[in-house]
$ cat structure23.txt   # compact mmCIF, C-alpha atoms
# COMPACT_ATOMS: atom_id res chain seq x y z
CA MET A 81 107.57 -125.79 -76.02
CA GLU A 82 104.48 -123.91 -74.95
CA THR A 83 102.41 -125.12 -72.03
CA ALA A 84 98.64 -124.95 -72.45
CA VAL A 85 96.93 -122.96 -69.74
CA HIS A 86 93.33 -123.90 -69.06
CA THR A 87 91.14 -121.15 -67.73
CA SER A 88 87.45 -120.90 -66.96
CA PRO A 89 85.36 -119.07 -69.57
CA ARG A 90 84.83 -115.39 -68.94
CA ILE A 91 81.47 -113.70 -68.89
CA GLU A 92 81.44 -109.88 -68.99
CA GLY A 93 85.02 -109.73 -67.80
CA ARG A 94 84.54 -112.18 -64.91
CA VAL A 95 85.75 -115.75 -64.61
CA PHE A 96 82.74 -118.06 -64.70
CA ASP A 97 82.82 -120.45 -61.75
CA TRP A 98 81.11 -123.72 -62.69
CA ARG A 99 81.59 -125.13 -59.21
CA GLN A 100 79.80 -122.16 -57.66
CA LEU A 101 76.97 -122.55 -60.16
CA LEU A 102 76.55 -126.22 -59.26
CA ARG A 103 76.59 -125.33 -55.57
CA ASP A 104 73.94 -122.69 -56.17
CA PHE A 105 71.60 -125.08 -57.98
CA TYR A 106 72.25 -127.62 -55.24
CA ASP A 107 71.25 -125.04 -52.62
CA LEU A 108 68.28 -123.99 -54.74
CA SER A 109 66.88 -127.51 -54.46
CA LYS A 110 66.82 -127.38 -50.62
CA PRO A 111 68.95 -130.49 -50.06
CA GLY A 112 68.14 -130.70 -46.34
CA ILE A 113 64.45 -131.22 -47.03
CA GLY A 114 65.33 -133.51 -49.91
CA PHE A 115 67.45 -135.72 -47.66
CA TYR A 116 64.60 -136.34 -45.24
CA SER A 117 62.12 -136.90 -48.09
CA LEU A 118 64.33 -139.54 -49.65
CA LEU A 119 65.10 -141.15 -46.30
CA THR A 120 61.43 -141.46 -45.38
CA THR A 121 60.47 -142.65 -48.87
CA ALA A 122 63.18 -145.31 -48.83
CA THR A 123 62.16 -146.54 -45.37
CA SER A 124 58.47 -146.85 -46.22
CA PHE A 125 59.36 -148.60 -49.50
CA TRP A 126 61.41 -151.15 -47.54
CA LEU A 127 58.73 -151.67 -44.89
CA ALA A 128 56.05 -152.21 -47.53
CA SER A 129 58.15 -154.71 -49.51
CA HIS A 130 57.68 -158.45 -49.24
CA GLU A 131 60.34 -158.98 -51.90
CA PHE A 132 62.60 -155.99 -52.51
CA ASN A 133 62.34 -154.68 -56.10
CA ALA A 134 65.63 -152.85 -56.71
CA VAL A 135 64.61 -151.42 -60.10
CA LEU A 136 61.35 -150.01 -58.75
CA PHE A 137 63.23 -148.63 -55.76
CA VAL A 138 65.65 -146.71 -57.99
CA HIS A 139 62.79 -145.31 -60.08
CA THR A 140 60.93 -144.26 -56.93
CA MET A 141 63.95 -142.53 -55.43
CA LEU A 142 64.87 -140.71 -58.64
CA ALA A 143 61.31 -139.46 -59.17
CA THR A 144 60.96 -138.39 -55.53
CA ALA A 145 64.30 -136.58 -55.69
CA CYS A 146 63.19 -134.61 -58.75
CA VAL A 147 59.84 -133.64 -57.23
CA THR A 148 61.51 -132.56 -53.99
CA CYS A 149 64.23 -130.57 -55.76
CA GLY A 150 61.74 -128.84 -58.02
CA GLY A 151 59.45 -127.98 -55.14
CA GLY A 152 62.33 -126.57 -53.13
CA ALA A 153 63.39 -124.34 -56.02
CA LEU A 154 59.86 -123.06 -56.65
CA ASN A 155 59.42 -122.32 -52.96
CA GLN A 156 62.53 -120.13 -53.05
CA VAL A 157 61.29 -118.34 -56.15
CA ILE A 158 58.02 -117.52 -54.37
CA GLU A 159 59.81 -116.40 -51.20
CA ILE A 160 62.72 -114.50 -52.77
CA GLU A 161 61.67 -111.17 -51.23
CA ALA A 162 61.17 -112.63 -47.76
CA ASP A 163 64.46 -114.53 -47.98
CA SER A 164 66.28 -111.29 -48.78
CA ARG A 165 65.09 -109.85 -45.43
CA MET A 166 66.29 -112.74 -43.28
CA HIS A 167 69.90 -113.08 -42.19
CA ARG A 168 69.86 -116.86 -42.41
CA THR A 169 68.53 -116.88 -45.99
CA GLU A 170 69.80 -113.66 -47.55
CA ASN A 171 72.77 -115.44 -49.11
CA ARG A 172 70.69 -118.01 -50.90
CA PRO A 173 71.28 -118.05 -54.69
CA LEU A 174 68.15 -116.07 -55.61
CA PRO A 175 68.19 -113.18 -53.10
CA ALA A 176 71.98 -112.93 -53.50
CA GLY A 177 71.52 -112.56 -57.26
CA ARG A 178 73.69 -115.51 -58.30
CA ILE A 179 70.69 -117.14 -60.03
CA SER A 180 67.94 -115.11 -61.66
CA PRO A 181 64.29 -115.61 -60.65
CA MET A 182 63.42 -116.74 -64.19
CA THR A 183 66.19 -119.33 -64.17
CA GLY A 184 65.02 -120.56 -60.77
CA LEU A 185 61.43 -120.72 -62.01
CA LEU A 186 62.34 -122.68 -65.14
CA PHE A 187 64.53 -125.06 -63.15
CA GLY A 188 61.79 -125.66 -60.58
CA VAL A 189 59.02 -126.19 -63.12
CA LEU A 190 61.04 -128.48 -65.40
CA VAL A 191 62.44 -130.65 -62.61
CA SER A 192 59.03 -130.92 -60.90
CA LEU A 193 57.33 -131.91 -64.16
CA MET A 194 60.07 -134.37 -64.96
CA GLY A 195 59.70 -135.95 -61.52
CA THR A 196 55.91 -136.32 -61.64
CA ILE A 197 55.88 -137.67 -65.22
CA TYR A 198 58.72 -140.06 -64.42
CA MET A 199 56.81 -141.18 -61.32
CA LEU A 200 53.68 -141.82 -63.40
CA LEU A 201 55.50 -143.78 -66.12
CA PHE A 202 57.87 -145.88 -64.02
CA VAL A 203 56.38 -146.04 -60.50
CA GLY A 204 52.60 -145.76 -60.64
CA SER A 205 49.56 -143.51 -60.75
CA LEU A 206 48.99 -143.30 -56.98
CA PRO A 207 52.59 -142.29 -56.18
CA SER A 208 52.35 -139.71 -58.97
CA LEU A 209 49.15 -138.27 -57.49
CA LEU A 210 50.84 -138.13 -54.09
CA ALA A 211 53.78 -136.28 -55.63
CA ILE A 212 51.41 -133.75 -57.19
CA ALA A 213 49.62 -133.39 -53.85
CA THR A 214 52.96 -132.73 -52.16
CA LEU A 215 53.84 -129.99 -54.63
CA ALA A 216 50.38 -128.41 -54.58
CA GLY A 217 50.15 -128.43 -50.79
CA TYR A 218 53.68 -127.11 -50.34
CA LEU A 219 53.60 -124.36 -52.98
CA PHE A 220 49.97 -123.24 -53.15
CA ILE A 221 48.74 -123.76 -49.59
CA TYR A 222 51.63 -123.83 -47.11
CA THR A 223 53.89 -121.23 -48.73
CA PRO A 224 51.23 -118.48 -49.16
CA LEU A 225 49.84 -119.15 -45.66
CA LYS A 226 53.25 -118.52 -44.08
CA LYS A 227 52.58 -114.81 -44.60
CA ARG A 228 49.07 -115.02 -43.19
CA THR A 229 48.86 -117.33 -40.18
CA HIS A 230 50.94 -119.21 -37.64
CA LEU A 231 48.82 -122.27 -38.52
CA SER A 232 50.93 -122.61 -41.66
CA THR A 233 53.37 -124.74 -39.65
CA LEU A 234 50.65 -127.23 -38.82
CA ILE A 235 49.18 -127.14 -42.33
CA GLY A 236 52.60 -127.51 -43.94
CA ALA A 237 53.23 -130.68 -41.95
CA PHE A 238 50.65 -132.47 -44.14
CA PRO A 239 52.48 -132.13 -47.49
CA GLY A 240 55.74 -132.50 -45.56
CA ALA A 241 54.71 -136.00 -44.50
CA VAL A 242 53.37 -137.17 -47.88
CA PRO A 243 56.74 -138.50 -49.22
CA ILE A 244 56.59 -141.32 -46.68
CA LEU A 245 53.33 -142.40 -48.34
CA ILE A 246 54.97 -142.41 -51.78
CA GLY A 247 57.36 -145.20 -50.87
CA TRP A 248 54.54 -147.38 -49.56
CA ALA A 249 52.25 -146.67 -52.52
CA ALA A 250 55.06 -147.47 -54.96
CA VAL A 251 55.24 -151.03 -53.60
CA ARG A 252 51.64 -151.85 -52.70
CA GLY A 253 49.65 -149.54 -54.96
CA ASN A 254 47.46 -148.52 -52.01
CA LEU A 255 47.63 -146.82 -48.63
CA GLU A 256 46.98 -149.29 -45.84
CA PHE A 257 46.89 -148.48 -42.13
CA GLY A 258 50.62 -149.06 -41.81
CA ALA A 259 51.29 -146.26 -44.29
CA TRP A 260 49.15 -143.86 -42.28
CA ALA A 261 50.97 -144.85 -39.08
CA LEU A 262 54.23 -143.84 -40.77
CA PHE A 263 52.58 -140.63 -41.97
CA ALA A 264 51.48 -139.81 -38.39
CA ILE A 265 55.02 -140.23 -37.07
CA LEU A 266 56.47 -137.87 -39.66
CA PHE A 267 53.62 -135.38 -39.21
CA LEU A 268 54.05 -135.18 -35.42
CA TRP A 269 57.85 -134.95 -35.67
CA GLN A 270 57.73 -131.89 -37.89
CA ILE A 271 55.99 -129.59 -35.41
CA PRO A 272 58.63 -129.51 -32.62
CA HIS A 273 61.35 -129.61 -35.27
CA PHE A 274 60.09 -126.45 -36.98
CA LEU A 275 59.11 -124.71 -33.74
CA ALA A 276 62.71 -125.08 -32.56
CA ILE A 277 63.84 -123.33 -35.75
CA ALA A 278 61.09 -120.73 -35.38
CA TRP A 279 62.26 -119.89 -31.86
CA MET A 280 65.92 -119.63 -32.82
CA TYR A 281 65.15 -117.33 -35.76
CA ARG A 282 62.06 -115.54 -34.48
CA LYS A 283 63.60 -112.09 -35.07
CA ASP A 284 64.40 -113.07 -38.64
CA TYR A 285 60.85 -114.29 -39.21
CA ALA A 286 59.44 -111.10 -37.75
CA ARG A 287 61.67 -109.04 -40.03
CA ALA A 288 60.43 -110.94 -43.07
CA GLY A 289 56.78 -110.57 -42.04
CA PHE A 290 56.09 -114.22 -41.17
CA PRO A 291 53.56 -114.43 -38.29
CA MET A 292 55.13 -117.55 -36.80
CA LEU A 293 53.81 -118.71 -33.44
CA THR A 294 57.08 -117.59 -31.84
CA VAL A 295 56.58 -114.13 -33.35
CA ILE A 296 52.97 -113.47 -32.36
CA ASP A 297 53.54 -115.02 -28.93
CA PRO A 298 57.05 -113.80 -27.98
CA GLU A 299 56.74 -115.26 -24.49
CA GLY A 300 56.66 -118.69 -26.11
CA THR A 301 53.77 -120.06 -24.04
CA ARG A 302 51.81 -121.51 -26.94
CA ALA A 303 54.87 -122.83 -28.71
CA ALA A 304 56.01 -124.49 -25.49
CA PHE A 305 52.66 -126.23 -25.12
CA GLN A 306 52.79 -127.53 -28.68
CA VAL A 307 56.37 -128.76 -28.33
CA ILE A 308 55.50 -130.78 -25.22
CA SER A 309 52.24 -132.08 -26.72
CA TYR A 310 53.73 -133.28 -30.00
CA THR A 311 56.90 -134.81 -28.58
CA LEU A 312 54.86 -136.75 -26.01
CA ALA A 313 52.33 -137.83 -28.65
CA LEU A 314 55.14 -139.23 -30.77
CA ILE A 315 55.90 -141.95 -28.20
CA PRO A 316 52.64 -143.94 -28.42
CA VAL A 317 52.21 -143.24 -32.14
CA SER A 318 55.70 -144.51 -32.94
CA LEU A 319 54.92 -147.75 -31.09
CA LEU A 320 52.00 -148.48 -33.44
CA LEU A 321 54.41 -150.05 -35.91
CA SER A 322 55.26 -152.82 -33.48
CA LEU A 323 51.63 -153.25 -32.46
CA LEU A 324 50.82 -153.68 -36.17
CA ARG A 325 53.61 -156.27 -36.36
CA MET A 326 55.54 -154.22 -38.90
CA THR A 327 58.56 -154.03 -36.58
CA GLY A 328 59.89 -156.06 -33.67
CA VAL A 329 61.12 -155.72 -30.10
CA VAL A 330 64.36 -153.91 -31.00
CA TYR A 331 62.44 -151.11 -32.69
CA PHE A 332 59.87 -151.03 -29.89
CA ALA A 333 62.55 -150.51 -27.23
CA GLY A 334 64.46 -148.05 -29.38
CA ALA A 335 61.35 -146.01 -30.12
CA ILE A 336 60.65 -145.67 -26.40
CA VAL A 337 64.22 -144.52 -25.65
CA LEU A 338 64.31 -142.12 -28.59
CA GLY A 339 60.85 -140.78 -27.81
CA LEU A 340 61.68 -140.14 -24.17
CA GLY A 341 64.91 -138.39 -25.16
CA PHE A 342 63.08 -136.20 -27.68
CA ALA A 343 60.34 -135.42 -25.15
CA ILE A 344 62.89 -134.48 -22.47
CA ALA A 345 64.57 -132.09 -24.92
CA GLY A 346 61.13 -130.67 -25.73
CA ILE A 347 60.19 -130.20 -22.08
CA ARG A 348 63.52 -128.50 -21.38
CA ALA A 349 63.09 -126.16 -24.36
CA ALA A 350 59.51 -125.40 -23.30
CA SER A 351 60.54 -124.54 -19.76
CA GLU A 352 63.72 -122.58 -20.52
CA ARG A 353 62.61 -120.91 -23.78
CA SER A 354 66.15 -119.97 -24.73
CA ASN A 355 68.07 -120.19 -27.98
CA LYS A 356 70.37 -122.75 -26.38
CA SER A 357 67.54 -125.11 -25.41
CA ALA A 358 65.86 -124.58 -28.79
CA LYS A 359 69.11 -125.54 -30.50
CA GLN A 360 69.29 -128.66 -28.35
CA LEU A 361 65.71 -129.51 -29.31
CA LEU A 362 66.56 -129.04 -32.98
CA PHE A 363 69.57 -131.33 -32.59
CA ALA A 364 67.40 -133.91 -30.82
CA SER A 365 64.89 -133.82 -33.68
CA ILE A 366 67.66 -134.23 -36.26
CA VAL A 367 68.93 -137.30 -34.41
CA TYR A 368 65.51 -138.74 -33.60
CA LEU A 369 64.03 -139.24 -37.05
CA PRO A 370 66.94 -140.86 -38.93
CA VAL A 371 67.71 -143.20 -36.04
CA LEU A 372 64.04 -144.15 -35.71
CA LEU A 373 63.86 -144.87 -39.46
CA ILE A 374 67.02 -146.96 -39.30
CA LEU A 375 65.53 -148.99 -36.45
CA MET A 376 62.40 -149.54 -38.55
CA ALA A 377 64.50 -150.81 -41.42
CA ILE A 378 66.72 -153.20 -39.44
CA ASP A 379 63.89 -154.58 -37.28
CA LYS A 380 61.31 -155.06 -40.00
CA ILE A 381 59.18 -158.16 -39.53

$ encode --input "structure23.txt" --output "structure tokens"
Amino acid sequence: METAVHTSPRIEGRVFDWRQLLRDFYDLSKPGIGFYSLLTTATSFWLASHEFNAVLFVHTMLATACVTCGGGALNQVIEIEADSRMHRTENRPLPAGRISPMTGLLFGVLVSLMGTIYMLLFVGSLPSLLAIATLAGYLFIYTPLKKRTHLSTLIGAFPGAVPILIGWAAVRGNLEFGAWALFAILFLWQIPHFLAIAWMYRKDYARAGFPMLTVIDPEGTRAAFQVISYTLALIPVSLLLSLLRMTGVVYFAGAIVLGLGFAIAGIRAASERSNKSAKQLLFASIVYLPVLLILMAIDKI
């Protein structure tokens, strides 16, 4: 009795690896950015809700996921040459040649369009406009400016914070002051987060021709000032939610503790200006935002 042997299809003499292909498209969508976009969207949706609408929530998350994935893919298509020059990005699917630029472009365009149309049909016109603004700001303003000015980090923080408005707009159909308070938190958080990365990989950025603040000011004086300024500013801004009676005492206390911890990591990184302290600051930023969002959700008034 013969035993059937299942093999992967062969393309040009090579075994085609479906799992690798799925991993490559997953990486093409920039899942790290997508995770934070979905987390912030979900939190603002919850905070804006008087009665939680599960169906609307699912539609909002699916549409946001598509827009974020498509934007991430298109960003990598635009930056394929720069990514090929940086050690930390040279093995991405496009510069490594595992996915062709045309395939990446088609994937990015189709998924982005699908996300914005889905958002319009099942979530609302304002969230859809915000999704378009996110894509436009990210791809046509922030990405080109990365090659021109260190201010791209600051400018890119605007579209980077828009997803938190989408969740609120999906529920309320408008952008009240509470939504802008959430936007301010996410905006301020991004600067020290990305400056920590910029310090750790400043040689890579210089090699790729990105005039990051840590590249044009190798002593790190200006970056240090910004890290301290933004981490300290986060403390009072994060407390606005309790002052607006969106959250309670638990969040208020937690925001102070988290903010002080983040600020201490920022001050240490600013004074030491080493890869080790920058890595600690990056870790602090990665812990800070999700925990703060969780506190918002559990202590919602």

$ closest_atom_pairs --input "structure23.txt" --of "segment 205-312 of chain A" --to "segment 163-175 of chain A" --cutoff "10 Å" --atoms "all atoms listed in the file" --output "JSON lines"
{"residue": "A:Tyr281", "atom": "CA", "partner": "A:Arg168", "partner_atom": "CA", "distance": 8.2}
{"residue": "A:Lys283", "atom": "CA", "partner": "A:Met166", "partner_atom": "CA", "distance": 8.7}
{"residue": "A:Asp284", "atom": "CA", "partner": "A:Met166", "partner_atom": "CA", "distance": 5.0}
{"residue": "A:Tyr285", "atom": "CA", "partner": "A:Met166", "partner_atom": "CA", "distance": 7.0}
{"residue": "A:Ala286", "atom": "CA", "partner": "A:Met166", "partner_atom": "CA", "distance": 9.0}
{"residue": "A:Arg287", "atom": "CA", "partner": "A:Arg165", "partner_atom": "CA", "distance": 6.4}
{"residue": "A:Ala288", "atom": "CA", "partner": "A:Arg165", "partner_atom": "CA", "distance": 5.3}
{"residue": "A:Gly289", "atom": "CA", "partner": "A:Arg165", "partner_atom": "CA", "distance": 9.0}

$ residues_around --input "structure23.txt" --residues "Asn133 of chain A" --least-positions-apart "2" --cutoff "12 Å" --atoms "all atoms listed in the file" --output "list in words"
Ala122, Phe125, Trp126, Ala128, Ser129, His130, Glu131, Val135, Leu136, Phe137, Val138, His139, Thr140, Val203, Gly247, Ala250, Val251 and Arg252 of chain A

$ write_last_selection --input "structure23.txt" --atoms "C-alpha atoms" --output "short mmCIF file (atom, residue, chain, number, x, y, z; two decimals), in the frame of the given file"
data_model
loop_
_atom_site.label_atom_id
_atom_site.label_comp_id
_atom_site.auth_asym_id
_atom_site.auth_seq_id
_atom_site.Cartn_x
_atom_site.Cartn_y
_atom_site.Cartn_z
CA ALA A 122 63.18 -145.31 -48.83
CA PHE A 125 59.36 -148.60 -49.50
CA TRP A 126 61.41 -151.15 -47.54
CA ALA A 128 56.05 -152.21 -47.53
CA SER A 129 58.15 -154.71 -49.51
CA HIS A 130 57.68 -158.45 -49.24
CA GLU A 131 60.34 -158.98 -51.90
CA VAL A 135 64.61 -151.42 -60.10
CA LEU A 136 61.35 -150.01 -58.75
CA PHE A 137 63.23 -148.63 -55.76
CA VAL A 138 65.65 -146.71 -57.99
CA HIS A 139 62.79 -145.31 -60.08
CA THR A 140 60.93 -144.26 -56.93
CA VAL A 203 56.38 -146.04 -60.50
CA GLY A 247 57.36 -145.20 -50.87
CA ALA A 250 55.06 -147.47 -54.96
CA VAL A 251 55.24 -151.03 -53.60
CA ARG A 252 51.64 -151.85 -52.70
#

$ atom_distance --input "structure23.txt" --atom1 "atom CA of Phe290 of chain A" --atom2 "atom CA of Tyr222 of chain A"
12.1 Å

$ residues_around --input "structure23.txt" --residues "segment 214-216 of chain A" --least-positions-apart "4" --cutoff "9 Å" --atoms "all atoms listed in the file" --output "ChimeraX atom specification"
/A:147-148,150-151,192,209-210,220-222,238-243

$ residues_near_point --input "structure23.txt" --point "(60.1, -159.5, -34.5)" --cutoff "8 Å" --atoms "only C-alpha atoms" --output "list in words"
Arg325, Thr327, Gly328, Val329, Val330, Asp379, Lys380 and Ile381 of chain A

$ write_last_selection --input "structure23.txt" --atoms "C-alpha atoms" --output "compact mmCIF listing (two decimals), in the coordinates of the input"
# COMPACT_ATOMS: atom_id res chain seq x y z
CA ARG A 325 53.61 -156.27 -36.36
CA THR A 327 58.56 -154.03 -36.58
CA GLY A 328 59.89 -156.06 -33.67
CA VAL A 329 61.12 -155.72 -30.10
CA VAL A 330 64.36 -153.91 -31.00
CA ASP A 379 63.89 -154.58 -37.28
CA LYS A 380 61.31 -155.06 -40.00
CA ILE A 381 59.18 -158.16 -39.53

$ closest_residue --input "structure23.txt" --among "A:Leu340, A:Ala278, A:Ile246, A:Val367" --to "Phe263 of chain A" --atoms "all atoms listed in the file"
A:Ile246

$ residues_near_point --input "structure23.txt" --point "(51.0, -113.2, -40.3)" --cutoff "7 Å" --atoms "only C-alpha atoms" --output "list in words"
Lys226, Lys227, Arg228, Thr229, His230, Gly289, Phe290, Pro291 and Met292 of chain A

$ atom_distance --input "structure23.txt" --atom1 "atom CA of Gly346 of chain A" --atom2 "atom CA of Thr294 of chain A"
15.0 Å

$ atom_distance --input "structure23.txt" --atom1 "atom CA of Leu234 of chain A" --atom2 "atom CA of Leu293 of chain A"
10.6 Å

$ closest_residue --input "structure23.txt" --among "A:Pro370, A:Gly152, A:Gly217, A:Gly300" --to "Leu266 of chain A" --atoms "only C-alpha atoms"
A:Pro370

$ closest_residue --input "structure23.txt" --among "A:Ile179, A:Ile244, A:Arg103, A:Ile235" --to "Ser117 of chain A" --atoms "all atoms listed in the file"
A:Ile244

$ closest_residue --input "structure23.txt" --among "A:Tyr198, A:Trp279, A:Tyr368, A:Phe305" --to "Lys356 of chain A" --atoms "all atoms listed in the file"
A:Trp279

$ residues_around --input "structure23.txt" --residues "Gly341 of chain A" --least-positions-apart "6" --cutoff "12 Å" --atoms "all atoms listed in the file" --output "ChimeraX atom specification"
/A:311-312,314-315,334-335,347-348,360-361,363-365,367-369

$ closest_residue --input "structure23.txt" --among "A:Leu118, A:Ile271, A:Asp107, A:Arg353" --to "Arg178 of chain A" --atoms "all atoms listed in the file"
A:Asp107

$ closest_residue --input "structure23.txt" --among "A:Ala303, A:Leu206, A:Met326, A:Leu102" --to "Ala377 of chain A" --atoms "all atoms listed in the file"
A:Met326

$ residues_around --input "structure23.txt" --residues "Val307 of chain A" --least-positions-apart "3" --cutoff "6 Å" --atoms "all atoms listed in the file" --output "ChimeraX atom specification"
/A:272,304,310,346

$ build_atoms --input "structure23.txt" --residues "segment 193-217 of chain A" --atoms "N, CA and C atoms" --output "PDB file, keeping the file's coordinate frame"
ATOM      1  N   LEU A 193      58.060-131.197 -63.121  1.00  0.00           N
ATOM      2  CA  LEU A 193      57.330-131.910 -64.160  1.00  0.00           C
ATOM      3  C   LEU A 193      58.006-133.224 -64.517  1.00  0.00           C
ATOM      4  N   MET A 194      59.316-133.163 -64.636  1.00  0.00           N
ATOM      5  CA  MET A 194      60.070-134.370 -64.960  1.00  0.00           C
ATOM      6  C   MET A 194      59.862-135.431 -63.894  1.00  0.00           C
ATOM      7  N   GLY A 195      59.868-135.007 -62.616  1.00  0.00           N
ATOM      8  CA  GLY A 195      59.700-135.950 -61.520  1.00  0.00           C
ATOM      9  C   GLY A 195      58.320-136.583 -61.501  1.00  0.00           C
ATOM     10  N   THR A 196      57.268-135.772 -61.699  1.00  0.00           N
ATOM     11  CA  THR A 196      55.910-136.320 -61.640  1.00  0.00           C
ATOM     12  C   THR A 196      55.616-137.215 -62.848  1.00  0.00           C
ATOM     13  N   ILE A 197      56.091-136.840 -64.033  1.00  0.00           N
ATOM     14  CA  ILE A 197      55.880-137.670 -65.220  1.00  0.00           C
ATOM     15  C   ILE A 197      56.665-138.981 -65.109  1.00  0.00           C
ATOM     16  N   TYR A 198      57.893-138.868 -64.636  1.00  0.00           N
ATOM     17  CA  TYR A 198      58.720-140.060 -64.420  1.00  0.00           C
ATOM     18  C   TYR A 198      58.045-140.991 -63.408  1.00  0.00           C
ATOM     19  N   MET A 199      57.493-140.404 -62.346  1.00  0.00           N
ATOM     20  CA  MET A 199      56.810-141.180 -61.320  1.00  0.00           C
ATOM     21  C   MET A 199      55.607-141.909 -61.945  1.00  0.00           C
ATOM     22  N   LEU A 200      54.853-141.228 -62.777  1.00  0.00           N
ATOM     23  CA  LEU A 200      53.680-141.820 -63.400  1.00  0.00           C
ATOM     24  C   LEU A 200      54.064-142.978 -64.321  1.00  0.00           C
ATOM     25  N   LEU A 201      55.116-142.796 -65.116  1.00  0.00           N
ATOM     26  CA  LEU A 201      55.500-143.780 -66.120  1.00  0.00           C
ATOM     27  C   LEU A 201      56.193-145.010 -65.522  1.00  0.00           C
ATOM     28  N   PHE A 202      57.010-144.793 -64.496  1.00  0.00           N
ATOM     29  CA  PHE A 202      57.870-145.880 -64.020  1.00  0.00           C
ATOM     30  C   PHE A 202      57.552-146.364 -62.605  1.00  0.00           C
ATOM     31  N   VAL A 203      56.688-145.642 -61.880  1.00  0.00           N
ATOM     32  CA  VAL A 203      56.380-146.040 -60.500  1.00  0.00           C
ATOM     33  C   VAL A 203      54.905-146.378 -60.345  1.00  0.00           C
ATOM     34  N   GLY A 204      54.018-145.472 -60.758  1.00  0.00           N
ATOM     35  CA  GLY A 204      52.600-145.760 -60.640  1.00  0.00           C
ATOM     36  C   GLY A 204      51.767-144.503 -60.550  1.00  0.00           C
ATOM     37  N   SER A 205      50.461-144.660 -60.742  1.00  0.00           N
ATOM     38  CA  SER A 205      49.560-143.510 -60.750  1.00  0.00           C
ATOM     39  C   SER A 205      49.350-142.934 -59.343  1.00  0.00           C
ATOM     40  N   LEU A 206      49.198-143.799 -58.336  1.00  0.00           N
ATOM     41  CA  LEU A 206      48.990-143.300 -56.980  1.00  0.00           C
ATOM     42  C   LEU A 206      50.210-142.544 -56.452  1.00  0.00           C
ATOM     43  N   PRO A 207      51.424-143.078 -56.596  1.00  0.00           N
ATOM     44  CA  PRO A 207      52.590-142.290 -56.180  1.00  0.00           C
ATOM     45  C   PRO A 207      52.692-140.955 -56.918  1.00  0.00           C
ATOM     46  N   SER A 208      52.315-140.959 -58.203  1.00  0.00           N
ATOM     47  CA  SER A 208      52.350-139.710 -58.970  1.00  0.00           C
ATOM     48  C   SER A 208      51.357-138.697 -58.424  1.00  0.00           C
ATOM     49  N   LEU A 209      50.146-139.165 -58.083  1.00  0.00           N
ATOM     50  CA  LEU A 209      49.150-138.270 -57.490  1.00  0.00           C
ATOM     51  C   LEU A 209      49.626-137.732 -56.148  1.00  0.00           C
ATOM     52  N   LEU A 210      50.290-138.573 -55.379  1.00  0.00           N
ATOM     53  CA  LEU A 210      50.840-138.130 -54.090  1.00  0.00           C
ATOM     54  C   LEU A 210      51.933-137.087 -54.294  1.00  0.00           C
ATOM     55  N   ALA A 211      52.739-137.264 -55.321  1.00  0.00           N
ATOM     56  CA  ALA A 211      53.780-136.280 -55.630  1.00  0.00           C
ATOM     57  C   ALA A 211      53.169-134.938 -56.004  1.00  0.00           C
ATOM     58  N   ILE A 212      52.114-134.990 -56.816  1.00  0.00           N
ATOM     59  CA  ILE A 212      51.410-133.750 -57.190  1.00  0.00           C
ATOM     60  C   ILE A 212      50.792-133.101 -55.959  1.00  0.00           C
ATOM     61  N   ALA A 213      50.214-133.917 -55.073  1.00  0.00           N
ATOM     62  CA  ALA A 213      49.620-133.390 -53.850  1.00  0.00           C
ATOM     63  C   ALA A 213      50.676-132.727 -52.969  1.00  0.00           C
ATOM     64  N   THR A 214      51.856-133.317 -52.932  1.00  0.00           N
ATOM     65  CA  THR A 214      52.960-132.730 -52.160  1.00  0.00           C
ATOM     66  C   THR A 214      53.310-131.348 -52.690  1.00  0.00           C
ATOM     67  N   LEU A 215      53.492-131.264 -54.010  1.00  0.00           N
ATOM     68  CA  LEU A 215      53.840-129.990 -54.630  1.00  0.00           C
ATOM     69  C   LEU A 215      52.744-128.947 -54.441  1.00  0.00           C
ATOM     70  N   ALA A 216      51.505-129.351 -54.690  1.00  0.00           N
ATOM     71  CA  ALA A 216      50.380-128.410 -54.580  1.00  0.00           C
ATOM     72  C   ALA A 216      50.230-127.916 -53.143  1.00  0.00           C
ATOM     73  N   GLY A 217      50.290-128.833 -52.189  1.00  0.00           N
ATOM     74  CA  GLY A 217      50.150-128.430 -50.790  1.00  0.00           C
ATOM     75  C   GLY A 217      51.284-127.539 -50.322  1.00  0.00           C
TER      76      GLY A 217
END
